[in-house]
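Here's work.cif, which has mmCIF, C-alpha atoms and all ligand atoms:
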data_query
loop_
_atom_site.label_atom_id
_atom_site.label_comp_id
_atom_site.auth_asym_id
_atom_site.auth_seq_id
_atom_site.Cartn_x
_atom_site.Cartn_y
_atom_site.Cartn_z
CA MET G 1 93.55 13.72 10.57
CA LYS G 2 90.53 12.67 8.53
CA ILE G 3 87.78 15.31 8.51
CA PHE G 4 84.15 14.19 8.68
CA LYS G 5 82.38 15.72 5.68
CA ALA G 6 79.36 16.97 7.60
CA TRP G 7 78.36 19.24 4.67
CA ASN G 8 77.43 16.12 2.67
CA HIS G 9 74.55 15.42 5.07
CA PRO G 10 72.24 18.46 4.93
CA LYS G 11 69.09 16.30 5.11
CA ASP G 12 70.31 14.64 8.30
CA ILE G 13 71.14 18.04 9.79
CA ASN G 14 67.61 19.17 8.90
CA ARG G 15 66.11 16.10 10.55
CA ILE G 16 68.07 16.79 13.72
CA LYS G 17 66.85 20.39 13.62
CA ALA G 18 63.26 19.12 13.35
CA ASN G 19 63.94 16.84 16.31
CA LEU G 20 65.25 19.76 18.34
CA LEU G 21 62.21 21.86 17.46
CA ASN G 22 59.39 19.33 17.73
CA GLY G 23 60.85 16.09 19.06
CA SER G 24 60.42 14.09 15.80
CA LYS G 25 62.27 10.76 15.69
CA ILE G 26 65.92 10.63 14.60
CA SER G 27 67.01 7.14 15.68
CA SER G 28 67.64 6.17 12.03
CA VAL G 29 70.01 9.15 11.66
CA GLU G 30 71.77 8.26 14.88
CA ARG G 31 72.31 4.65 13.69
CA ARG G 32 74.09 5.62 10.47
CA PHE G 33 76.87 7.68 12.10
CA SER G 34 79.55 7.15 14.71
CA THR G 35 78.92 8.94 18.02
CA GLN G 36 81.50 11.59 17.13
CA GLU G 37 79.97 12.20 13.69
CA PHE G 38 76.44 12.33 15.08
CA ASN G 39 77.54 14.81 17.77
CA GLU G 40 79.05 17.07 15.12
CA LEU G 41 75.84 16.96 13.06
CA LYS G 42 73.82 17.75 16.18
CA SER G 43 76.14 20.61 17.08
CA ILE G 44 75.74 22.02 13.54
CA ALA G 45 71.95 21.67 13.77
CA LYS G 46 71.90 23.55 17.08
CA ALA G 47 74.21 26.27 15.75
CA GLN G 48 72.10 26.73 12.61
CA LEU G 49 68.96 27.16 14.68
CA LYS G 50 70.68 29.82 16.78
CA ALA G 51 72.45 31.42 13.82
CA ARG G 52 69.13 32.24 12.15
CA THR G 53 68.88 35.32 14.37
CA PHE G 54 72.44 36.56 13.66
CA PHE G 55 72.95 35.80 9.97
CA SER G 56 70.96 35.81 6.80
CA LYS G 57 71.10 32.19 5.56
CA GLY G 58 72.12 31.24 9.12
CA TYR G 59 69.97 28.10 8.82
CA LYS G 60 72.28 26.89 6.01
CA LEU G 61 75.69 27.94 7.36
CA MET G 62 78.31 25.29 8.02
CA LEU G 63 79.34 25.95 11.59
CA ASN G 64 79.09 24.08 14.87
CA SER G 65 78.17 25.48 18.27
CA SER G 66 81.75 26.29 19.24
CA ASP G 67 82.37 28.07 15.90
CA LEU G 68 79.24 30.11 16.51
CA ARG G 69 80.57 31.35 19.86
CA PHE G 70 83.54 33.00 18.15
CA ALA G 71 81.84 33.99 14.91
CA THR G 72 81.31 37.62 14.00
CA PRO G 73 77.56 38.43 13.86
CA GLU G 74 76.56 39.70 10.44
CA ILE G 75 75.50 43.12 11.74
CA ILE G 76 79.05 43.66 13.08
CA GLY G 77 80.80 42.15 10.03
CA ASP G 78 78.73 44.31 7.67
CA TYR G 79 79.44 47.44 9.71
CA ARG G 80 83.20 46.84 9.50
CA ALA G 81 83.02 46.27 5.75
CA GLU G 82 81.03 49.48 5.42
CA ARG G 83 83.55 51.42 7.50
CA ILE G 84 86.43 50.25 5.28
CA PHE G 85 84.42 51.03 2.15
CA ASN G 86 83.58 54.55 3.36
CA GLU G 87 87.21 55.26 4.18
CA LEU G 88 89.08 53.62 1.27
CA GLY G 89 86.54 52.44 -1.31
CA ARG G 90 86.21 48.94 -2.85
CA VAL G 91 89.62 47.70 -1.75
CA LYS G 92 91.35 44.33 -1.23
CA VAL G 93 91.32 43.01 2.32
CA VAL G 94 93.09 40.22 4.18
CA ASP G 95 91.13 38.43 6.90
CA LEU G 96 93.57 36.73 9.32
CA PHE G 97 92.23 34.06 11.71
CA SER G 98 89.09 33.73 9.59
CA GLY G 99 87.38 30.76 11.30
CA VAL G 100 84.39 29.50 9.33
CA GLY G 101 84.47 32.77 7.40
CA LEU G 102 81.69 34.95 8.71
CA GLN G 103 83.66 38.22 8.73
CA THR G 104 85.02 37.15 5.33
CA ILE G 105 81.46 36.96 3.95
CA SER G 106 80.70 40.53 5.03
CA PHE G 107 83.96 41.80 3.50
CA ALA G 108 83.37 39.93 0.25
CA LYS G 109 79.84 41.31 -0.13
CA LYS G 110 81.09 44.90 0.01
CA LEU G 111 84.76 44.93 -1.02
CA LYS G 112 86.82 43.91 -4.04
CA HIS G 113 88.61 40.73 -2.97
CA VAL G 114 89.28 38.95 0.33
CA LEU G 115 92.22 36.70 1.18
CA SER G 116 91.43 34.70 4.33
CA VAL G 117 93.70 32.57 6.51
CA GLU G 118 92.57 29.85 8.93
CA ILE G 119 94.77 27.21 10.55
CA ASP G 120 92.10 24.65 11.41
CA LYS G 121 91.37 22.31 8.48
CA ARG G 122 87.76 21.62 9.47
CA LYS G 123 86.93 25.33 9.83
CA PHE G 124 88.71 26.06 6.56
CA LEU G 125 86.58 23.40 4.78
CA TYR G 126 83.41 24.74 6.41
CA SER G 127 84.32 28.25 5.27
CA GLU G 128 84.66 26.98 1.68
CA LYS G 129 81.07 25.71 1.89
CA ASN G 130 79.91 28.99 3.40
CA MET G 131 81.39 31.01 0.52
CA ARG G 132 79.45 28.77 -1.86
CA THR G 133 76.22 29.26 0.12
CA PHE G 134 76.61 33.01 -0.30
CA GLY G 135 77.68 32.67 -3.95
CA LEU G 136 80.93 34.58 -3.31
CA ARG G 137 83.66 34.25 -5.92
CA ASN G 138 85.91 37.10 -4.81
CA VAL G 139 87.42 35.15 -1.89
CA THR G 140 90.70 33.22 -1.66
CA LEU G 141 90.89 30.90 1.34
CA ILE G 142 94.18 29.64 2.73
CA ASN G 143 94.47 26.77 5.20
CA GLY G 144 97.62 27.79 7.07
CA ASN G 145 99.36 29.42 9.99
CA VAL G 146 99.18 33.23 10.00
CA PHE G 147 102.76 33.36 11.30
CA SER G 148 104.30 31.07 8.69
CA ASP G 149 106.60 32.45 5.97
CA GLU G 150 104.40 30.92 3.30
CA VAL G 151 101.27 32.76 4.47
CA PHE G 152 103.25 35.99 4.83
CA SER G 153 104.45 35.76 1.21
CA ARG G 154 100.90 35.12 -0.03
CA VAL G 155 99.61 38.12 1.93
CA LYS G 156 102.37 40.34 0.51
CA GLU G 157 101.76 39.18 -3.07
CA PHE G 158 98.05 39.92 -2.67
CA ARG G 159 98.89 43.64 -2.07
CA PRO G 160 95.95 44.37 0.23
CA GLU G 161 94.94 47.90 1.19
CA VAL G 162 93.70 46.62 4.57
CA ILE G 163 94.61 43.75 6.89
CA PHE G 164 92.04 42.63 9.45
CA ALA G 165 92.83 40.19 12.28
CA ASP G 166 90.48 38.50 14.74
CA PRO G 167 92.82 36.27 16.76
CA GLN G 168 91.60 33.53 19.05
CA ARG G 169 90.63 34.77 22.50
CA LYS G 170 91.08 32.64 25.56
CA GLU G 171 87.87 31.78 27.34
CA PHE G 172 89.66 31.24 30.64
CA GLY G 173 93.11 30.82 32.16
CA ASP G 174 96.13 33.08 31.92
CA ARG G 175 95.45 35.92 29.47
CA SER G 176 98.72 37.78 29.95
CA ASP G 177 100.03 36.75 26.52
CA GLU G 178 97.10 38.33 24.63
CA GLU G 179 98.79 41.73 24.53
CA GLU G 180 101.94 40.14 23.15
CA LEU G 181 99.92 38.43 20.40
CA ILE G 182 98.34 41.73 19.31
CA VAL G 183 101.76 43.41 19.15
CA ARG G 184 103.16 40.43 17.24
CA ILE G 185 100.37 40.57 14.63
CA TYR G 186 100.76 44.32 14.15
CA THR G 187 104.55 44.20 13.95
CA LYS G 188 104.56 41.43 11.36
CA PHE G 189 101.77 42.59 9.05
CA SER G 190 102.21 46.38 9.22
CA GLU G 191 105.18 45.71 6.91
CA VAL G 192 102.56 44.98 4.24
CA THR G 193 100.17 47.80 5.08
CA GLU G 194 99.72 50.10 8.07
CA ASN G 195 95.96 50.09 7.46
CA MET G 196 95.34 47.40 10.00
CA ILE G 197 92.29 46.46 12.05
CA ILE G 198 92.70 44.19 15.05
CA GLU G 199 89.88 42.89 17.18
CA VAL G 200 90.95 42.73 20.83
CA PRO G 201 89.29 41.49 24.03
CA PRO G 202 87.20 44.30 25.61
CA TYR G 203 89.07 43.90 28.92
CA ILE G 204 92.52 44.50 27.34
CA ASN G 205 94.69 47.19 28.93
CA LEU G 206 94.61 49.93 26.28
CA LYS G 207 97.02 52.18 28.17
CA SER G 208 99.67 49.51 28.07
CA LEU G 209 98.98 48.69 24.39
CA ARG G 210 99.30 52.35 23.41
CA LYS G 211 102.87 52.34 24.74
CA LYS G 212 103.81 49.41 22.48
CA LEU G 213 102.01 50.27 19.24
CA PRO G 214 101.77 53.31 16.97
CA LYS G 215 98.67 55.53 17.21
CA PHE G 216 95.39 53.67 16.91
CA GLU G 217 91.69 54.28 17.35
CA ALA G 218 90.02 52.10 19.97
CA GLU G 219 86.45 51.63 18.80
CA PHE G 220 83.92 50.33 21.34
CA LEU G 221 80.99 48.74 19.51
CA SER G 222 77.59 47.87 20.91
CA VAL G 223 74.56 46.07 19.56
CA ASP G 224 71.25 47.06 21.14
CA PHE G 225 73.10 49.10 23.80
CA ASN G 226 75.30 46.17 24.95
CA LEU G 227 79.06 46.19 24.36
CA ARG G 228 80.03 43.51 21.85
CA ARG G 229 83.44 44.33 20.41
CA LEU G 230 86.59 46.42 20.90
CA THR G 231 88.45 46.99 17.66
CA LEU G 232 91.70 48.84 16.97
CA TYR G 233 92.05 50.82 13.73
CA PHE G 234 95.50 51.85 12.49
CA GLY G 235 96.94 53.94 9.65
CA ASP G 236 94.45 55.73 7.36
CA LEU G 237 91.58 53.96 9.10
CA ARG G 238 92.19 55.79 12.36
CA ARG G 239 89.85 58.74 12.88
CA PHE G 240 90.03 59.42 16.63
CA ARG G 241 91.89 58.15 19.67
CA THR G 242 88.72 56.58 21.08
CA SER G 243 85.28 56.10 19.59
CA ALA G 244 81.92 54.47 20.15
CA VAL G 245 79.53 53.00 17.63
CA SER G 246 76.01 51.82 18.33
CA LEU G 247 74.37 49.23 16.09
CA PRO G 248 71.93 48.87 14.44
CA SER G 249 71.63 52.68 14.21
CA MET G 250 75.34 53.02 13.21
CA ALA G 251 75.55 56.17 15.35
CA TYR G 252 79.25 56.93 15.71
CA THR G 253 81.16 59.40 17.80
CA GLY G 254 84.78 59.86 18.81
CA SER G 255 87.23 61.94 20.73
CA ASP G 256 90.96 62.62 20.69
CA GLY G 257 91.33 62.44 24.44
CA CYS G 258 88.78 64.11 26.59
CA VAL G 259 90.04 65.75 29.78
CA ASN G 260 86.59 66.83 30.90
CA LYS G 261 85.00 64.68 33.62
CA LEU G 262 81.35 64.98 34.56
CA ALA G 263 80.69 65.86 38.18
CA GLU G 264 79.19 63.06 40.28
CA VAL G 265 75.94 63.58 42.15
CA ASP G 266 73.95 61.47 44.62
CA SER G 267 70.37 62.33 43.64
CA PRO G 268 68.54 62.40 40.32
CA ARG G 269 67.42 65.65 38.71
CA LYS G 270 64.43 65.99 36.36
CA PHE G 271 65.75 63.62 33.68
CA LEU G 272 67.82 60.40 33.62
CA PHE G 273 69.90 59.39 30.61
CA GLU G 274 70.87 55.74 30.35
CA LEU G 275 73.87 55.51 28.03
CA ASP G 276 74.79 52.87 25.50
CA GLU G 277 77.48 50.55 26.94
CA ALA G 278 79.93 51.33 24.12
CA LEU G 279 79.61 55.04 24.83
CA THR G 280 80.07 54.36 28.55
CA MET G 281 83.19 52.24 28.05
CA SER G 282 84.75 54.67 25.59
CA LYS G 283 84.36 57.49 28.17
CA VAL G 284 83.64 59.79 25.20
CA PHE G 285 80.36 60.76 26.92
CA ASN G 286 82.31 63.02 29.29
CA CYS G 287 82.81 65.47 26.43
CA LEU G 288 79.42 65.07 24.80
CA PHE G 289 76.95 65.58 27.60
CA LYS G 290 77.73 69.10 28.68
CA GLY G 291 75.57 70.27 31.57
CA ALA G 292 74.74 66.75 32.76
CA GLU G 293 76.00 65.07 35.92
CA LEU G 294 77.02 61.49 36.55
CA LEU G 295 74.66 59.55 38.78
CA ASP G 296 75.96 56.03 38.28
CA CYS G 297 78.84 54.56 36.34
CA GLY G 298 77.86 50.92 36.00
CA ARG G 299 77.93 48.98 32.72
CA LYS G 300 75.75 51.72 31.28
CA ALA G 301 76.43 55.12 32.78
CA ILE G 302 73.40 56.96 34.12
CA LEU G 303 73.52 60.71 33.75
CA THR G 304 71.07 63.19 35.15
CA SER G 305 70.13 66.76 34.38
CA ASP G 306 67.37 69.33 34.84
CA ASN G 307 67.31 69.96 31.11
CA PHE G 308 66.95 67.63 28.19
CA ILE G 309 70.29 66.95 26.50
CA GLU G 310 70.78 68.50 23.09
CA GLY G 311 73.41 67.99 20.41
CA VAL G 312 74.05 64.29 21.13
CA ASP G 313 72.83 61.56 18.77
CA SER G 314 69.76 60.16 20.53
CA ALA G 315 70.70 56.65 19.33
CA PHE G 316 73.33 56.65 22.10
CA PHE G 317 70.99 57.04 25.05
CA GLN G 318 67.56 56.41 26.40
CA ALA G 319 65.98 59.34 28.18
CA TYR G 320 63.62 59.05 31.15
CA GLU G 321 61.60 61.56 33.10
CA VAL G 322 62.03 61.17 36.87
CA LEU G 323 58.63 60.92 38.60
CA PHE G 324 59.67 60.06 42.13
CA PHE G 325 62.66 58.83 44.11
CA LYS G 326 63.36 57.65 47.64
CA ASP G 327 66.11 55.98 49.69
CA PHE G 328 66.48 52.27 48.97
CA GLU G 329 65.16 49.91 51.63
CA ASP G 330 64.03 46.85 49.67
CA GLU G 331 63.57 45.91 45.99
CA PHE G 332 59.83 45.61 46.59
CA ASP G 333 58.76 48.90 48.16
CA GLU G 334 55.24 49.83 49.31
CA GLU G 335 55.75 53.55 48.69
CA ILE G 336 56.86 52.85 45.09
CA LEU G 337 53.81 50.62 44.67
CA LYS G 338 51.52 53.49 45.75
CA LYS G 339 53.18 55.81 43.22
CA LEU G 340 52.89 53.21 40.46
CA ASN G 341 49.16 53.03 41.10
CA ALA G 342 48.82 56.80 41.39
CA PHE G 343 50.52 57.27 38.01
CA ASN G 344 48.32 54.56 36.46
CA PHE G 345 51.11 52.15 35.45
CA LYS G 346 50.39 48.56 34.48
CA TYR G 347 53.94 47.26 33.94
CA VAL G 348 57.26 47.87 35.74
CA VAL G 349 60.57 47.30 33.98
CA LEU G 350 63.38 46.91 36.50
CA LYS G 351 66.54 48.59 35.32
CA GLN G 352 70.19 48.82 36.35
CA GLY G 353 70.92 48.03 39.98
CA PHE G 354 68.33 45.29 40.49
CA ASN G 355 69.40 41.75 41.27
CA SER G 356 69.04 39.61 38.12
CA HIS G 357 68.21 36.49 40.17
CA THR G 358 65.15 38.06 41.77
CA TYR G 359 64.15 40.16 38.72
CA TRP G 360 60.97 38.27 37.82
CA SER G 361 59.74 37.65 41.36
CA VAL G 362 60.08 41.36 42.22
CA ARG G 363 58.56 42.50 38.95
CA LYS G 364 55.62 40.09 39.21
CA HIS G 365 55.06 41.15 42.80
CA TYR G 366 54.65 44.79 41.72
CA GLU G 367 52.59 44.01 38.64
CA SER G 368 50.21 41.68 40.52
CA GLU G 369 49.23 44.66 42.68
CA LEU G 370 48.66 47.12 39.84
CA GLY G 371 45.02 47.22 38.83
CA ASN G 372 45.37 49.68 35.94
CA ASN G 373 44.13 49.10 32.43
CA ALA G 374 46.22 51.64 30.59
CA ASN G 375 49.22 49.88 29.01
CA LYS G 376 51.60 52.29 30.72
CA ILE G 377 55.12 51.10 31.49
CA ALA G 378 57.19 52.38 34.41
CA TYR G 379 60.98 52.07 34.68
CA LEU G 380 62.49 51.57 38.10
CA PHE G 381 66.21 52.12 38.70
CA LYS G 382 68.28 51.38 41.77
CA VAL G 383 71.08 53.94 41.72
CA LYS G 384 73.25 55.41 44.47
CA ASP G 385 71.13 53.66 47.13
CA LYS G 386 67.96 55.20 45.76
CA LEU G 387 64.95 53.81 43.99
CA VAL G 388 64.12 56.08 41.08
CA LEU G 389 60.75 55.76 39.35
CA CYS G 390 60.71 57.01 35.76
CA GLN G 391 58.83 57.00 32.51
CA LEU G 392 60.26 57.09 29.01
CA VAL G 393 60.77 60.37 27.21
CA ASN G 394 60.52 60.40 23.49
CA PRO G 395 63.29 62.80 22.36
CA ILE G 396 61.28 63.78 19.27
CA SER G 397 58.33 65.02 21.29
CA ASN G 398 60.58 66.89 23.71
C1 LIG L 401 87.96 34.36 16.88
S1 LIG L 401 88.10 33.09 15.69
C2 LIG L 401 87.74 33.92 14.20
C3 LIG L 401 86.28 34.12 13.87
C4 LIG L 401 86.07 34.74 12.54
N1 LIG L 401 86.63 36.07 12.46
C5 LIG L 401 84.58 34.81 12.16
O1 LIG L 401 84.05 35.89 11.97
O2 LIG L 401 83.96 33.74 12.04
C6 LIG L 401 89.84 32.86 15.59
C7 LIG L 401 90.29 31.79 14.63
O3 LIG L 401 91.71 31.81 14.52
C8 LIG L 401 92.16 30.52 14.21
N2 LIG L 401 93.62 30.50 14.48
C9 LIG L 401 94.24 30.41 15.69
N3 LIG L 401 95.59 30.48 15.52
C10 LIG L 401 95.82 30.64 14.19
C11 LIG L 401 96.99 30.78 13.40
N4 LIG L 401 98.20 30.80 13.98
N5 LIG L 401 96.86 30.94 12.07
C12 LIG L 401 95.63 30.94 11.49
N6 LIG L 401 94.47 30.81 12.19
C13 LIG L 401 94.56 30.65 13.52
C14 LIG L 401 91.30 29.62 15.09
O4 LIG L 401 91.25 28.30 14.59
C15 LIG L 401 89.95 30.35 15.02
O5 LIG L 401 89.15 29.79 14.04
#
Whole structure, structure tokens version:
Amino acid sequence: MKIFKAWNHPKDINRIKANLLNGSKISSVERRFSTQEFNELKSIAKAQLKARTFFSKGYKLMLNSSDLRFATPEIIGDYRAERIFNELGRVKVVDLFSGVGLQTISFAKKLKHVLSVEIDKRKFLYSEKNMRTFGLRNVTLINGNVFSDEVFSRVKEFRPEVIFADPQRKEFGDRSDEEELIVRIYTKFSEVTENMIIEVPPYINLKSLRKKLPKFEAEFLSVDFNLRRLTLYFGDLRRFRTSAVSLPSMAYTGSDGCVNKLAEVDSPRKFLFELDEALTMSKVFNCLFKGAELLDCGRKAILTSDNFIEGVDSAFFQAYEVLFFKDFEDEFDEEILKKLNAFNFKYVVLKQGFNSHTYWSVRKHYESELGNNANKIAYLFKVKDKLVLCQLVNPISN
């Protein structure tokens, strides 16, 4: 199949970007390309505009909107490169299923040499352009099937210290074969090195995987408190059974199987602790927060305690002081409104438990009835059928 050389038309991509930003005319661009070609240029323009927030040089990267959906954000790619570097030094790495090469770029910036494998010709060609954009010479790109004998021989000859794999995830449909794919990748490539890293879907059944694979660390990774990746580390790269890492702070913690379980309670104590989603999912928090109780175990666990938590990296949680709580009747509550005014709040951030569809109407309703000038922000949670009014606690001043 003939590949449209979209990278030869950077000026047209820029004109489409200008059109998307300020509506400038692009009919002359549209006329010079077939519909399919124009759509690809437009998709690249859209992806570059979005990619500016995830990647340095994102505005120049060769990738379309669907590539961007699967691409590894630079903050995550750089963290993984750093983790390998800290563990093994400036080693050689293989990047299987490399797409348009965004994880490859992060590896190449930090490590000795990267051998990357991508089956799709267009993505392979885009990744070549991306390596040039970043001025990277320590990368070898292969356009091929990860499971072919030819690719396997090239990987073996390369003698990597680490093999990383980010296989295609299904967006919908039957996902039962994903576990099989992970086992297949490990089984084949651990012959080359046991220092493997495999990115897996966050909903994968880890219990079942652990029965089929040798010991691995399951690392839950969040960016800005939201879970973004689940990655398995094998061989010398394994530190714990389960771990959590929070970016951008790079706070990291792990456990080798925690049997402790925090007691559940129905009412808040003096403080609330809203945990990072990676820490929540990893369940490692059960061992870290001694003395606290579990109030809510949603996407981000909410713990509560009469004392401020000590000995846990504060990058993993946000602490709040509880000012008032009452049984839940409605999202907009007159008694809460009175308290908000009494405490001199001007803004109300609605937290876990509130309906996302009515978020702004409820918030605006509260804020329209607050006549305070001080720029004080309140935080309102709906947990265990209670409305809990809080304010932030700065752990440093505690
Ligand atoms: C999740 S994406 C990888 C994204 C990439 N890690 C990044 O950071 O941009 C998975 C990629 O695997 C490729 N792929 C799927 N099956 C493959 C195979 N058998 N061999 C090589 N690549 C394959 C897909 O074309 C897709 O680009």
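For the pair atom CA of Lys57 of chain G and atom N4 of ligand LIG 401 (chain L), the interatomic distance is 28.4 Å.
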Exercise. Could you tell me, as JSON, numbers by chain, which residues have any atom at most 9 Å from (95.1, 62.3, 19.7), counting all atoms listed in the file?
Worked result: {"G": [215, 240, 241, 242, 255, 256, 257]}
Exercise. Taking (83.2, 65.3, 34.0) in the file's coordinates as the center, which residues reach within 8 Å of it, counting all atoms listed in the file, put as a PyMOL selection string?
Worked result: chain G and resi 260-264+286-287+293-294
Contacts with ligand LIG 401 (chain L) at most 8 Å, all atoms listed in the file counted, listed as a PDB file with C-alpha atoms, keeping the file's coordinate frame:
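Saved file part.pdb follows:
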ATOM      1  CA  ASP G  67      82.370  28.070  15.900  1.00  0.00           C
ATOM      2  CA  LEU G  68      79.240  30.110  16.510  1.00  0.00           C
ATOM      3  CA  PHE G  70      83.540  33.000  18.150  1.00  0.00           C
ATOM      4  CA  ALA G  71      81.840  33.990  14.910  1.00  0.00           C
ATOM      5  CA  THR G  72      81.310  37.620  14.000  1.00  0.00           C
ATOM      6  CA  PRO G  73      77.560  38.430  13.860  1.00  0.00           C
ATOM      7  CA  GLY G  77      80.800  42.150  10.030  1.00  0.00           C
ATOM      8  CA  ASP G  95      91.130  38.430   6.900  1.00  0.00           C
ATOM      9  CA  LEU G  96      93.570  36.730   9.320  1.00  0.00           C
ATOM     10  CA  PHE G  97      92.230  34.060  11.710  1.00  0.00           C
ATOM     11  CA  SER G  98      89.090  33.730   9.590  1.00  0.00           C
ATOM     12  CA  GLY G  99      87.380  30.760  11.300  1.00  0.00           C
ATOM     13  CA  VAL G 100      84.390  29.500   9.330  1.00  0.00           C
ATOM     14  CA  GLY G 101      84.470  32.770   7.400  1.00  0.00           C
ATOM     15  CA  LEU G 102      81.690  34.950   8.710  1.00  0.00           C
ATOM     16  CA  GLN G 103      83.660  38.220   8.730  1.00  0.00           C
ATOM     17  CA  THR G 104      85.020  37.150   5.330  1.00  0.00           C
ATOM     18  CA  VAL G 117      93.700  32.570   6.510  1.00  0.00           C
ATOM     19  CA  GLU G 118      92.570  29.850   8.930  1.00  0.00           C
ATOM     20  CA  ILE G 119      94.770  27.210  10.550  1.00  0.00           C
ATOM     21  CA  ASP G 120      92.100  24.650  11.410  1.00  0.00           C
ATOM     22  CA  LYS G 123      86.930  25.330   9.830  1.00  0.00           C
ATOM     23  CA  ASN G 143      94.470  26.770   5.200  1.00  0.00           C
ATOM     24  CA  GLY G 144      97.620  27.790   7.070  1.00  0.00           C
ATOM     25  CA  ASN G 145      99.360  29.420   9.990  1.00  0.00           C
ATOM     26  CA  VAL G 146      99.180  33.230  10.000  1.00  0.00           C
ATOM     27  CA  PHE G 147     102.760  33.360  11.300  1.00  0.00           C
ATOM     28  CA  ALA G 165      92.830  40.190  12.280  1.00  0.00           C
ATOM     29  CA  ASP G 166      90.480  38.500  14.740  1.00  0.00           C
ATOM     30  CA  PRO G 167      92.820  36.270  16.760  1.00  0.00           C
ATOM     31  CA  GLN G 168      91.600  33.530  19.050  1.00  0.00           C
ATOM     32  CA  ARG G 169      90.630  34.770  22.500  1.00  0.00           C
TER      33      ARG G 169
END
For this session: Choose the residue, out of G:Tyr186, G:Leu141, G:Leu20, G:Thr133, that has the smallest atom-to-atom separation from Lys121 of chain G; count all atoms listed in the file.
Result: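 Of G:Tyr186, G:Leu141, G:Leu20, G:Thr133, the one nearest Lys121 of chain G is G:Leu141, counting all atoms listed in the file.
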For this session: Would you mind listing what lies within 12 Å of Arg210 of chain G as a list in words, with only C-alpha atoms counted and same-chain residues fewer than 5 positions away left out?
Result: Glu179, Ile182, Val183, Ile204, Asn205, Lys215, Phe216, Glu217, Ala218, Leu232, Phe234, Arg241 and Thr242 of chain G
Take segment 366-378 of chain G from the preceding structure and save N, CA and C atoms as a PDB file, in the first residue's frame.
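Output below, filename out.pdb:
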ATOM      1  N   TYR G 366     -24.271  27.396  44.762  1.00  0.00           N
ATOM      2  CA  TYR G 366     -23.638  27.750  46.042  1.00  0.00           C
ATOM      3  C   TYR G 366     -22.934  29.101  45.925  1.00  0.00           C
ATOM      4  N   GLU G 367     -22.077  29.207  44.899  1.00  0.00           N
ATOM      5  CA  GLU G 367     -21.198  30.386  44.839  1.00  0.00           C
ATOM      6  C   GLU G 367     -21.995  31.670  44.604  1.00  0.00           C
ATOM      7  N   SER G 368     -23.153  31.560  43.934  1.00  0.00           N
ATOM      8  CA  SER G 368     -23.957  32.771  43.694  1.00  0.00           C
ATOM      9  C   SER G 368     -24.545  33.292  45.010  1.00  0.00           C
ATOM     10  N   GLU G 369     -24.573  32.439  46.033  1.00  0.00           N
ATOM     11  CA  GLU G 369     -25.157  32.890  47.307  1.00  0.00           C
ATOM     12  C   GLU G 369     -24.096  33.167  48.380  1.00  0.00           C
ATOM     13  N   LEU G 370     -22.837  33.209  47.942  1.00  0.00           N
ATOM     14  CA  LEU G 370     -21.761  33.515  48.900  1.00  0.00           C
ATOM     15  C   LEU G 370     -21.295  34.944  48.664  1.00  0.00           C
ATOM     16  N   GLY G 371     -21.496  35.793  49.655  1.00  0.00           N
ATOM     17  CA  GLY G 371     -21.155  37.200  49.439  1.00  0.00           C
ATOM     18  C   GLY G 371     -19.814  37.571  50.022  1.00  0.00           C
ATOM     19  N   ASN G 372     -18.886  36.626  50.139  1.00  0.00           N
ATOM     20  CA  ASN G 372     -17.621  36.931  50.827  1.00  0.00           C
ATOM     21  C   ASN G 372     -16.547  37.416  49.869  1.00  0.00           C
ATOM     22  N   ASN G 373     -15.684  38.262  50.374  1.00  0.00           N
ATOM     23  CA  ASN G 373     -14.623  38.808  49.513  1.00  0.00           C
ATOM     24  C   ASN G 373     -13.344  38.001  49.607  1.00  0.00           C
ATOM     25  N   ALA G 374     -13.123  37.411  50.778  1.00  0.00           N
ATOM     26  CA  ALA G 374     -11.867  36.666  50.930  1.00  0.00           C
ATOM     27  C   ALA G 374     -11.848  35.546  49.903  1.00  0.00           C
ATOM     28  N   ASN G 375     -10.690  35.319  49.255  1.00  0.00           N
ATOM     29  CA  ASN G 375     -10.622  34.288  48.212  1.00  0.00           C
ATOM     30  C   ASN G 375     -10.492  32.896  48.825  1.00  0.00           C
ATOM     31  N   LYS G 376     -11.331  32.598  49.780  1.00  0.00           N
ATOM     32  CA  LYS G 376     -11.211  31.302  50.479  1.00  0.00           C
ATOM     33  C   LYS G 376     -11.976  30.213  49.732  1.00  0.00           C
ATOM     34  N   ILE G 377     -11.330  29.047  49.617  1.00  0.00           N
ATOM     35  CA  ILE G 377     -11.942  27.938  48.874  1.00  0.00           C
ATOM     36  C   ILE G 377     -12.354  26.831  49.833  1.00  0.00           C
ATOM     37  N   ALA G 378     -13.604  26.393  49.715  1.00  0.00           N
ATOM     38  CA  ALA G 378     -14.077  25.246  50.496  1.00  0.00           C
ATOM     39  C   ALA G 378     -14.080  24.002  49.616  1.00  0.00           C
TER      40      ALA G 378
END
